[in-house]
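Asks: Got a file for you: work-v8.cif, mmCIF, C-alpha atoms and all ligand atoms.
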```cif
data_data
loop_
_atom_site.label_atom_id
_atom_site.label_comp_id
_atom_site.auth_asym_id
_atom_site.auth_seq_id
_atom_site.Cartn_x
_atom_site.Cartn_y
_atom_site.Cartn_z
CA MET E 1 0.00 0.00 0.00
CA THR E 2 2.28 2.71 -1.25
CA LEU E 3 1.53 5.76 -3.30
CA GLN E 4 3.38 5.98 -6.56
CA ASN E 5 3.64 9.19 -8.59
CA SER E 6 1.93 10.89 -5.71
CA PRO E 7 2.33 14.40 -4.30
CA LEU E 8 2.60 12.68 -0.92
CA GLY E 9 5.61 10.63 -1.94
CA ASN E 10 6.16 6.96 -1.38
CA THR E 11 4.36 6.49 1.89
CA SER E 12 1.83 4.09 3.39
CA THR E 13 -1.80 5.01 2.66
CA ASN E 14 -5.18 4.30 4.26
CA ARG E 15 -3.38 3.29 7.42
CA TYR E 16 -6.08 3.59 10.13
CA GLY E 17 -3.55 3.90 12.97
CA SER E 18 -4.22 4.18 16.70
CA ILE E 19 -5.82 7.65 16.85
CA ALA E 20 -7.89 6.99 13.70
CA ALA E 21 -9.09 3.70 15.20
CA GLU E 22 -10.02 5.35 18.50
CA ILE E 23 -11.93 8.12 16.69
CA TYR E 24 -13.66 5.54 14.46
CA ASP E 25 -15.25 3.85 17.47
CA ILE E 26 -16.33 7.13 19.08
CA ASP E 27 -17.72 8.50 15.80
CA LYS E 28 -19.35 5.30 14.52
CA PRO E 29 -20.23 3.02 17.43
CA VAL E 30 -21.53 -0.48 16.71
CA GLY E 31 -25.12 -0.35 15.45
CA ALA E 32 -25.35 3.46 15.36
CA LEU E 33 -25.53 3.93 11.58
CA PRO E 34 -28.57 2.86 9.52
CA ASP E 35 -26.55 0.65 7.16
CA THR E 36 -26.20 -2.09 9.81
CA ALA E 37 -29.94 -2.84 9.91
CA TYR E 38 -29.94 -2.91 6.12
CA TYR E 39 -27.12 -5.50 5.87
CA LEU E 40 -28.66 -7.61 8.63
CA ALA E 41 -31.94 -7.73 6.71
CA ARG E 42 -30.24 -8.46 3.38
CA LEU E 43 -28.14 -11.26 4.92
CA ALA E 44 -30.87 -12.78 7.11
CA ASP E 45 -31.44 -15.69 4.72
CA ILE E 46 -27.77 -16.53 4.32
CA ASP E 47 -27.08 -20.00 5.61
CA GLY E 48 -23.30 -20.31 5.58
CA PRO E 49 -20.18 -18.37 6.50
CA ILE E 50 -19.96 -14.64 5.74
CA LEU E 51 -16.72 -12.74 5.05
CA GLU E 52 -16.28 -9.07 5.84
CA PRO E 53 -13.11 -7.78 4.14
CA ALA E 54 -11.81 -4.56 5.81
CA CYS E 55 -13.85 -5.40 8.91
CA GLY E 56 -12.13 -2.63 10.88
CA SER E 57 -13.09 -2.49 14.55
CA GLY E 58 -16.19 -4.63 14.11
CA ARG E 59 -18.92 -2.05 13.55
CA THR E 60 -20.70 -4.42 11.13
CA LEU E 61 -19.07 -7.73 12.05
CA ILE E 62 -20.29 -7.68 15.68
CA PRO E 63 -23.99 -7.20 14.79
CA LEU E 64 -23.67 -10.08 12.28
CA LEU E 65 -22.28 -12.28 15.07
CA ARG E 66 -25.12 -11.19 17.36
CA ALA E 67 -27.52 -12.32 14.60
CA ARG E 68 -25.91 -15.80 14.90
CA HIS E 69 -24.07 -15.74 11.58
CA THR E 70 -20.65 -17.36 11.27
CA VAL E 71 -18.44 -14.44 10.26
CA ALA E 72 -14.75 -14.10 9.36
CA GLY E 73 -13.06 -10.75 8.89
CA PHE E 74 -9.74 -9.33 7.85
CA ASP E 75 -8.11 -5.92 7.95
CA PRO E 76 -4.54 -4.67 7.49
CA SER E 77 -4.73 -2.30 10.49
CA GLU E 78 -3.56 -4.03 13.67
CA GLU E 79 -5.11 -1.19 15.70
CA MET E 80 -8.56 -1.69 14.12
CA LEU E 81 -8.26 -5.48 14.50
CA ASP E 82 -7.28 -5.17 18.19
CA ARG E 83 -10.44 -3.17 18.80
CA CYS E 84 -12.48 -5.73 16.85
CA ARG E 85 -11.03 -8.63 18.88
CA ALA E 86 -11.74 -6.79 22.15
CA GLY E 87 -15.31 -5.91 21.13
CA CYS E 88 -15.99 -9.51 20.08
CA ALA E 89 -14.44 -10.95 23.25
CA SER E 90 -16.53 -8.62 25.45
CA GLU E 91 -19.63 -10.33 24.02
CA GLY E 92 -18.21 -13.85 24.14
CA PHE E 93 -17.44 -14.11 20.41
CA ALA E 94 -14.15 -15.36 18.95
CA PRO E 95 -14.51 -15.08 15.16
CA GLU E 96 -11.68 -15.78 12.75
CA LEU E 97 -9.96 -12.40 12.33
CA SER E 98 -6.74 -11.97 10.42
CA ARG E 99 -4.39 -9.30 9.18
CA GLN E 100 -4.80 -9.33 5.40
CA ARG E 101 -5.43 -6.90 2.54
CA PHE E 102 -7.94 -6.81 -0.32
CA GLU E 103 -5.13 -7.28 -2.80
CA ASP E 104 -3.87 -10.66 -1.59
CA PHE E 105 -6.27 -12.10 1.00
CA SER E 106 -6.84 -15.81 0.89
CA TYR E 107 -8.98 -18.47 2.59
CA ASP E 108 -9.02 -22.21 2.06
CA ARG E 109 -12.83 -22.35 1.75
CA PRO E 110 -15.50 -20.32 -0.05
CA PHE E 111 -18.07 -18.10 1.67
CA ALA E 112 -21.84 -17.90 1.27
CA ALA E 113 -21.65 -14.09 1.26
CA ILE E 114 -19.12 -11.26 1.24
CA VAL E 115 -20.15 -7.86 2.59
CA LEU E 116 -18.30 -4.54 2.31
CA PRO E 117 -20.03 -1.63 4.04
CA MET E 118 -19.54 2.02 3.09
CA GLY E 119 -16.01 3.39 2.95
CA SER E 120 -14.12 0.18 2.23
CA PHE E 121 -14.08 -0.67 -1.50
CA THR E 122 -13.28 2.90 -2.57
CA LEU E 123 -10.00 2.59 -0.61
CA ILE E 124 -8.72 0.56 -3.57
CA ASP E 125 -7.47 3.58 -5.45
CA ASP E 126 -6.58 2.01 -8.78
CA PHE E 127 -8.94 0.59 -11.41
CA ALA E 128 -6.87 -2.49 -12.35
CA ARG E 129 -6.28 -3.42 -8.70
CA ALA E 130 -9.97 -3.01 -7.93
CA MET E 131 -10.90 -5.31 -10.81
CA ALA E 132 -8.46 -7.94 -9.51
CA VAL E 133 -10.06 -7.64 -6.05
CA LEU E 134 -13.55 -8.20 -7.51
CA ARG E 135 -12.23 -11.38 -9.18
CA ARG E 136 -10.73 -12.41 -5.82
CA PHE E 137 -14.15 -11.90 -4.16
CA HIS E 138 -15.70 -14.04 -6.91
CA ALA E 139 -13.17 -16.82 -6.29
CA HIS E 140 -13.97 -16.77 -2.55
CA LEU E 141 -17.74 -17.21 -2.97
CA VAL E 142 -19.71 -20.43 -3.46
CA THR E 143 -21.66 -20.62 -6.72
CA GLY E 144 -24.82 -18.64 -6.04
CA GLY E 145 -23.02 -16.77 -3.23
CA ARG E 146 -23.91 -13.11 -2.60
CA LEU E 147 -21.68 -10.04 -2.76
CA ILE E 148 -22.89 -6.81 -1.13
CA VAL E 149 -20.70 -3.77 -1.72
CA ASP E 150 -21.35 -0.15 -0.84
CA ILE E 151 -19.67 2.54 -2.87
CA ALA E 152 -19.65 6.23 -2.06
CA SER E 153 -21.26 8.49 -4.62
CA ILE E 154 -18.90 9.88 -7.25
CA ALA E 155 -20.02 13.30 -5.95
CA TRP E 156 -17.35 12.92 -3.25
CA LEU E 157 -14.68 13.44 -5.91
CA ALA E 158 -15.79 17.07 -6.19
CA GLU E 159 -15.73 17.66 -2.42
CA THR E 160 -12.34 19.26 -2.01
CA GLY E 161 -13.07 21.19 1.20
CA GLU E 162 -11.19 20.70 4.45
CA ASP E 163 -12.39 18.25 7.07
CA ARG E 164 -11.94 19.53 10.66
CA ARG E 165 -13.60 17.59 13.47
CA ARG E 166 -12.98 16.85 17.15
CA TRP E 167 -14.11 14.32 19.73
CA THR E 168 -13.63 13.81 23.48
CA ALA E 169 -12.36 10.37 24.45
CA ASP E 170 -13.58 8.53 27.56
CA ASN E 171 -10.39 9.55 29.43
CA GLY E 172 -10.98 13.23 28.58
CA ASP E 173 -8.37 13.44 25.78
CA LEU E 174 -9.31 15.75 22.93
CA LEU E 175 -8.94 13.92 19.59
CA THR E 176 -8.86 15.97 16.40
CA ILE E 177 -8.70 15.36 12.67
CA GLU E 178 -7.68 17.83 10.02
CA GLY E 179 -8.06 16.50 6.48
CA LYS E 180 -6.91 18.28 3.33
CA ARG E 181 -7.42 17.16 -0.27
CA VAL E 182 -3.98 17.21 -1.90
CA ALA E 183 -4.78 15.76 -5.32
CA THR E 184 -7.83 15.10 -7.47
CA ASP E 185 -7.43 13.20 -10.73
CA TRP E 186 -10.62 13.45 -12.76
CA LEU E 187 -9.32 11.06 -15.42
CA THR E 188 -8.72 8.17 -13.02
CA GLN E 189 -11.48 9.28 -10.58
CA ARG E 190 -8.94 9.22 -7.78
CA ALA E 191 -8.61 11.55 -4.78
CA GLU E 192 -5.78 11.86 -2.30
CA SER E 193 -6.04 13.51 1.09
CA LEU E 194 -3.66 14.08 3.95
CA LEU E 195 -5.19 13.46 7.36
CA ARG E 196 -3.55 14.84 10.49
CA TYR E 197 -4.73 13.17 13.69
CA GLU E 198 -3.89 14.72 17.07
CA ARG E 199 -4.34 13.84 20.73
CA TRP E 200 -4.47 16.74 23.20
CA ARG E 201 -4.35 16.39 27.01
CA ASP E 202 -4.33 19.25 29.56
CA ASN E 203 -3.99 21.73 26.68
CA ALA E 204 -0.83 20.04 25.41
CA LEU E 205 -0.35 18.09 22.20
CA VAL E 206 0.72 14.59 23.25
CA GLU E 207 0.53 12.67 19.97
CA SER E 208 0.24 13.45 16.30
CA GLN E 209 -0.10 11.11 13.32
CA MET E 210 -0.14 11.92 9.60
CA GLU E 211 -2.05 9.51 7.39
CA PRO E 212 -2.39 9.79 3.63
CA MET E 213 -5.70 8.54 2.29
CA ALA E 214 -6.35 7.64 -1.35
CA GLN E 215 -9.70 6.64 -2.83
CA ARG E 216 -11.13 5.85 -6.24
CA TYR E 217 -14.75 6.77 -6.90
CA TRP E 218 -16.98 4.85 -9.31
CA GLY E 219 -19.87 5.67 -11.58
CA VAL E 220 -22.96 3.52 -10.98
CA GLU E 221 -23.04 1.95 -14.43
CA GLU E 222 -19.24 1.61 -14.43
CA PHE E 223 -19.42 -0.45 -11.25
CA ARG E 224 -22.27 -2.58 -12.62
CA LEU E 225 -20.12 -3.38 -15.70
CA ALA E 226 -17.13 -4.13 -13.44
CA LEU E 227 -19.22 -6.66 -11.50
CA GLU E 228 -20.50 -8.27 -14.71
CA ALA E 229 -16.96 -8.48 -16.10
CA SER E 230 -15.87 -10.20 -12.87
CA GLY E 231 -18.45 -12.99 -13.22
CA PHE E 232 -21.36 -11.60 -11.17
CA ALA E 233 -25.02 -11.62 -12.23
CA GLU E 234 -28.46 -10.59 -10.91
CA ILE E 235 -27.06 -7.17 -9.97
CA THR E 236 -29.30 -4.81 -8.03
CA VAL E 237 -28.51 -1.24 -7.01
CA THR E 238 -30.03 0.50 -3.98
CA GLY E 239 -29.70 4.09 -2.74
CA GLY E 240 -29.24 5.30 0.82
CA HIS E 241 -29.77 1.84 2.40
CA ARG E 242 -33.48 2.07 1.67
CA PRO E 243 -34.64 -1.32 0.41
CA GLY E 244 -36.15 -1.23 -3.07
CA ARG E 245 -35.10 2.39 -3.75
CA THR E 246 -32.99 3.04 -6.83
CA PRO E 247 -30.32 5.64 -6.09
CA THR E 248 -31.01 9.31 -6.79
CA SER E 249 -28.25 11.83 -7.51
CA ALA E 250 -28.49 12.87 -3.86
CA ALA E 251 -27.70 9.37 -2.52
CA ARG E 252 -24.34 9.37 -0.74
CA ALA E 253 -24.24 5.59 -0.33
CA ILE E 254 -24.98 3.24 -3.19
CA THR E 255 -25.30 -0.48 -2.47
CA PHE E 256 -24.66 -3.17 -5.09
CA GLU E 257 -25.83 -6.69 -4.58
CA ALA E 258 -24.71 -9.43 -6.96
CA ILE E 259 -24.67 -13.20 -7.24
CA ARG E 260 -21.65 -15.30 -8.18
CA LYS E 261 -22.46 -17.20 -11.35
C1 LIG K 301 -14.12 2.85 6.79
S1 LIG K 301 -13.29 1.50 7.58
C2 LIG K 301 -14.57 0.28 7.51
C3 LIG K 301 -14.57 -0.66 8.68
C4 LIG K 301 -15.79 -1.58 8.75
N1 LIG K 301 -15.98 -2.34 7.53
C5 LIG K 301 -17.04 -0.82 9.09
O1 LIG K 301 -18.07 -1.02 8.42
O2 LIG K 301 -17.03 -0.02 10.01
C6 LIG K 301 -12.18 1.00 6.32
C7 LIG K 301 -11.25 -0.15 6.71
O3 LIG K 301 -10.51 -0.52 5.54
C8 LIG K 301 -9.25 -0.98 5.97
N2 LIG K 301 -8.32 -0.98 4.83
C9 LIG K 301 -7.52 -0.01 4.37
N3 LIG K 301 -6.79 -0.43 3.33
C10 LIG K 301 -7.16 -1.72 3.11
C11 LIG K 301 -6.74 -2.75 2.20
N4 LIG K 301 -5.81 -2.50 1.26
N5 LIG K 301 -7.28 -3.98 2.30
C12 LIG K 301 -8.24 -4.23 3.23
N6 LIG K 301 -8.66 -3.32 4.12
C13 LIG K 301 -8.13 -2.08 4.07
C14 LIG K 301 -8.87 -0.01 7.07
O4 LIG K 301 -7.86 -0.51 7.90
C15 LIG K 301 -10.22 0.20 7.78
O5 LIG K 301 -10.36 -0.65 8.88
#
```
Reformat the file's structure so that it appears as structure tokens.

Replies:
Amino acid sequence: MTLQNSPLGNTSTNRYGSIAAEIYDIDKPVGALPDTAYYLARLADIDGPILEPACGSGRTLIPLLRARHTVAGFDPSEEMLDRCRAGCASEGFAPELSRQRFEDFSYDRPFAAIVLPMGSFTLIDDFARAMAVLRRFHAHLVTGGRLIVDIASIAWLAETGEDRRRWTADNGDLLTIEGKRVATDWLTQRAESLLRYERWRDNALVESQMEPMAQRYWGVEEFRLALEASGFAEITVTGGHRPGRTPTSAARAITFEAIRK
């Protein structure tokens, strides 16, 4: 995960280090966002193991376990995985969690479903790599298995404003994020940002982490064609996690569901 030909230089991207992981759980606690109920409903009839690539700290994985599914997850961020393991253990779950990446993950058995909630697939910032990942998903599904992938609207590519937010941690630390768009490539539909995470205590800066983030945004029909080219069929597209609703231009989250032929 390095950036080539990038204004940020040759540095690790989409890292989700310790401050990012801590903020993630404060900002998006398990079950708080409406997408979870949507995935639970869409996966209710799945009778077999489910894989969540980029499972992060368990925001979606833990509710799937609560719903009595057998779930495996992977993520390259040790800090996100540690949080996921702790959250699972606190509820008596011990799912198979491993440190892997989209680009080269591997399991010795196929899954009945693969689910990728919002904010994960777009982290694959290159078209050819993303296509290879879709083929890898296909290879890890049983015939008739279901893929559910959320993509962020391509409208995000035009959102070049700064992101400044702050949170208070349980121990009283002030956690801040300052995100700046550093590159937008309209031809490849790729955006790069530089995120500065800080931890403040007693008015003093105690920790600071810089994390480059790179994302590739997709057009709706482009992604449908990508799924078809990767061996998926029966593709449906939903907007804003509202079952049966086709996406409007205002939809920020677009969910694709497809079946492995
Ligand atoms: C927005 S979080 C999503 C976490 C979780 N799926 C959820 O719904 O809350 C994105 C996750 O993608 C992971 N990630 C970043 N690069 C990745 C890669 N190359 N392969 C797999 N996961 C990656 C990050 O570590 C992070 O945990």

Asks: To one decimal place, how far is CA of Met210 in chain E from CA of Phe102 in chain E in Å?

Replies: 22.6 Å

Asks: Go through E:Gly119, E:Pro34, E:Gly145, E:Pro53 one by one, measure the shortest atom-to-atom distance of each to Arg101 in chain E using all atoms listed in the file, and give the residue with the smallest value.

Replies: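 Distance minimum relative to Arg101 in chain E lands on E:Pro53.
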
Asks: Mind giving me the straight-line distance from CA of Cys55 in chain E to CA of Ala94 in chain E in Å, one decimal?

Replies: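 Computing it gives 14.1 Å between the two atoms.
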
Asks: In Å to one decimal, how far is CA of Glu257 in chain E from CA of Asp35 in chain E?

Replies: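 That distance, rounded to one decimal, is 13.9 Å.
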
Asks: For a quick check of your reading of the model, name the residues lying within 12 Å of the coordinate (-12.0, -19.1, 3.9), counting all atoms listed in the file, and write them as a ChimeraX atom specification.

Replies: /E:48-53,70-74,96-98,105-114,136-137,139-142

Asks: How would the residues just chosen look if you wrote them out with C-alpha atoms as a CSV table (one decimal), in the frame of the given file?

Replies:
```
chain,number,residue,atom,x,y,z
E,48,GLY,CA,-23.3,-20.3,5.6
E,49,PRO,CA,-20.2,-18.4,6.5
E,50,ILE,CA,-20.0,-14.6,5.7
E,51,LEU,CA,-16.7,-12.7,5.0
E,52,GLU,CA,-16.3,-9.1,5.8
E,53,PRO,CA,-13.1,-7.8,4.1
E,70,THR,CA,-20.6,-17.4,11.3
E,71,VAL,CA,-18.4,-14.4,10.3
E,72,ALA,CA,-14.8,-14.1,9.4
E,73,GLY,CA,-13.1,-10.8,8.9
E,74,PHE,CA,-9.7,-9.3,7.8
E,96,GLU,CA,-11.7,-15.8,12.8
E,97,LEU,CA,-10.0,-12.4,12.3
E,98,SER,CA,-6.7,-12.0,10.4
E,105,PHE,CA,-6.3,-12.1,1.0
E,106,SER,CA,-6.8,-15.8,0.9
E,107,TYR,CA,-9.0,-18.5,2.6
E,108,ASP,CA,-9.0,-22.2,2.1
E,109,ARG,CA,-12.8,-22.4,1.8
E,110,PRO,CA,-15.5,-20.3,0.0
E,111,PHE,CA,-18.1,-18.1,1.7
E,112,ALA,CA,-21.8,-17.9,1.3
E,113,ALA,CA,-21.6,-14.1,1.3
E,114,ILE,CA,-19.1,-11.3,1.2
E,136,ARG,CA,-10.7,-12.4,-5.8
E,137,PHE,CA,-14.2,-11.9,-4.2
E,139,ALA,CA,-13.2,-16.8,-6.3
E,140,HIS,CA,-14.0,-16.8,-2.6
E,141,LEU,CA,-17.7,-17.2,-3.0
E,142,VAL,CA,-19.7,-20.4,-3.5
```

Asks: Starting from the incomplete input, reconstruct N, CA and C atoms of range 192-207 of chain E and write that as a tab-separated table (two decimals), in the frame of the given file.

Replies:
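The resulting file, rebuild.tsv, is reproduced below:
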```tsv
chain	number	residue	atom	x	y	z
E	192	GLU	N	-6.74	12.09	-3.38
E	192	GLU	CA	-5.78	11.86	-2.30
E	192	GLU	C	-5.93	12.94	-1.25
E	193	SER	N	-5.95	12.54	0.00
E	193	SER	CA	-6.04	13.51	1.09
E	193	SER	C	-4.93	13.24	2.08
E	194	LEU	N	-4.61	14.25	2.86
E	194	LEU	CA	-3.66	14.08	3.95
E	194	LEU	C	-4.41	14.35	5.24
E	195	LEU	N	-4.44	13.35	6.11
E	195	LEU	CA	-5.19	13.46	7.36
E	195	LEU	C	-4.20	13.61	8.52
E	196	ARG	N	-4.41	14.64	9.32
E	196	ARG	CA	-3.55	14.84	10.49
E	196	ARG	C	-4.39	14.58	11.73
E	197	TYR	N	-4.02	13.54	12.46
E	197	TYR	CA	-4.73	13.17	13.69
E	197	TYR	C	-3.92	13.67	14.88
E	198	GLU	N	-4.61	14.24	15.87
E	198	GLU	CA	-3.89	14.72	17.07
E	198	GLU	C	-4.62	14.30	18.34
E	199	ARG	N	-3.80	14.12	19.39
E	199	ARG	CA	-4.34	13.84	20.73
E	199	ARG	C	-3.84	14.95	21.65
E	200	TRP	N	-4.80	15.65	22.28
E	200	TRP	CA	-4.47	16.74	23.20
E	200	TRP	C	-4.90	16.35	24.61
E	201	ARG	N	-4.03	16.67	25.60
E	201	ARG	CA	-4.35	16.39	27.01
E	201	ARG	C	-3.85	17.57	27.84
E	202	ASP	N	-4.70	18.09	28.72
E	202	ASP	CA	-4.33	19.25	29.56
E	202	ASP	C	-3.74	20.37	28.71
E	203	ASN	N	-4.39	20.64	27.60
E	203	ASN	CA	-3.99	21.73	26.68
E	203	ASN	C	-2.65	21.51	26.01
E	204	ALA	N	-2.12	20.30	26.07
E	204	ALA	CA	-0.83	20.04	25.41
E	204	ALA	C	-1.01	18.94	24.37
E	205	LEU	N	-0.31	19.11	23.26
E	205	LEU	CA	-0.35	18.09	22.20
E	205	LEU	C	0.51	16.91	22.64
E	206	VAL	N	-0.08	15.73	22.78
E	206	VAL	CA	0.72	14.59	23.25
E	206	VAL	C	1.03	13.58	22.14
E	207	GLU	N	0.29	13.63	21.05
E	207	GLU	CA	0.53	12.67	19.97
E	207	GLU	C	-0.03	13.22	18.68
```
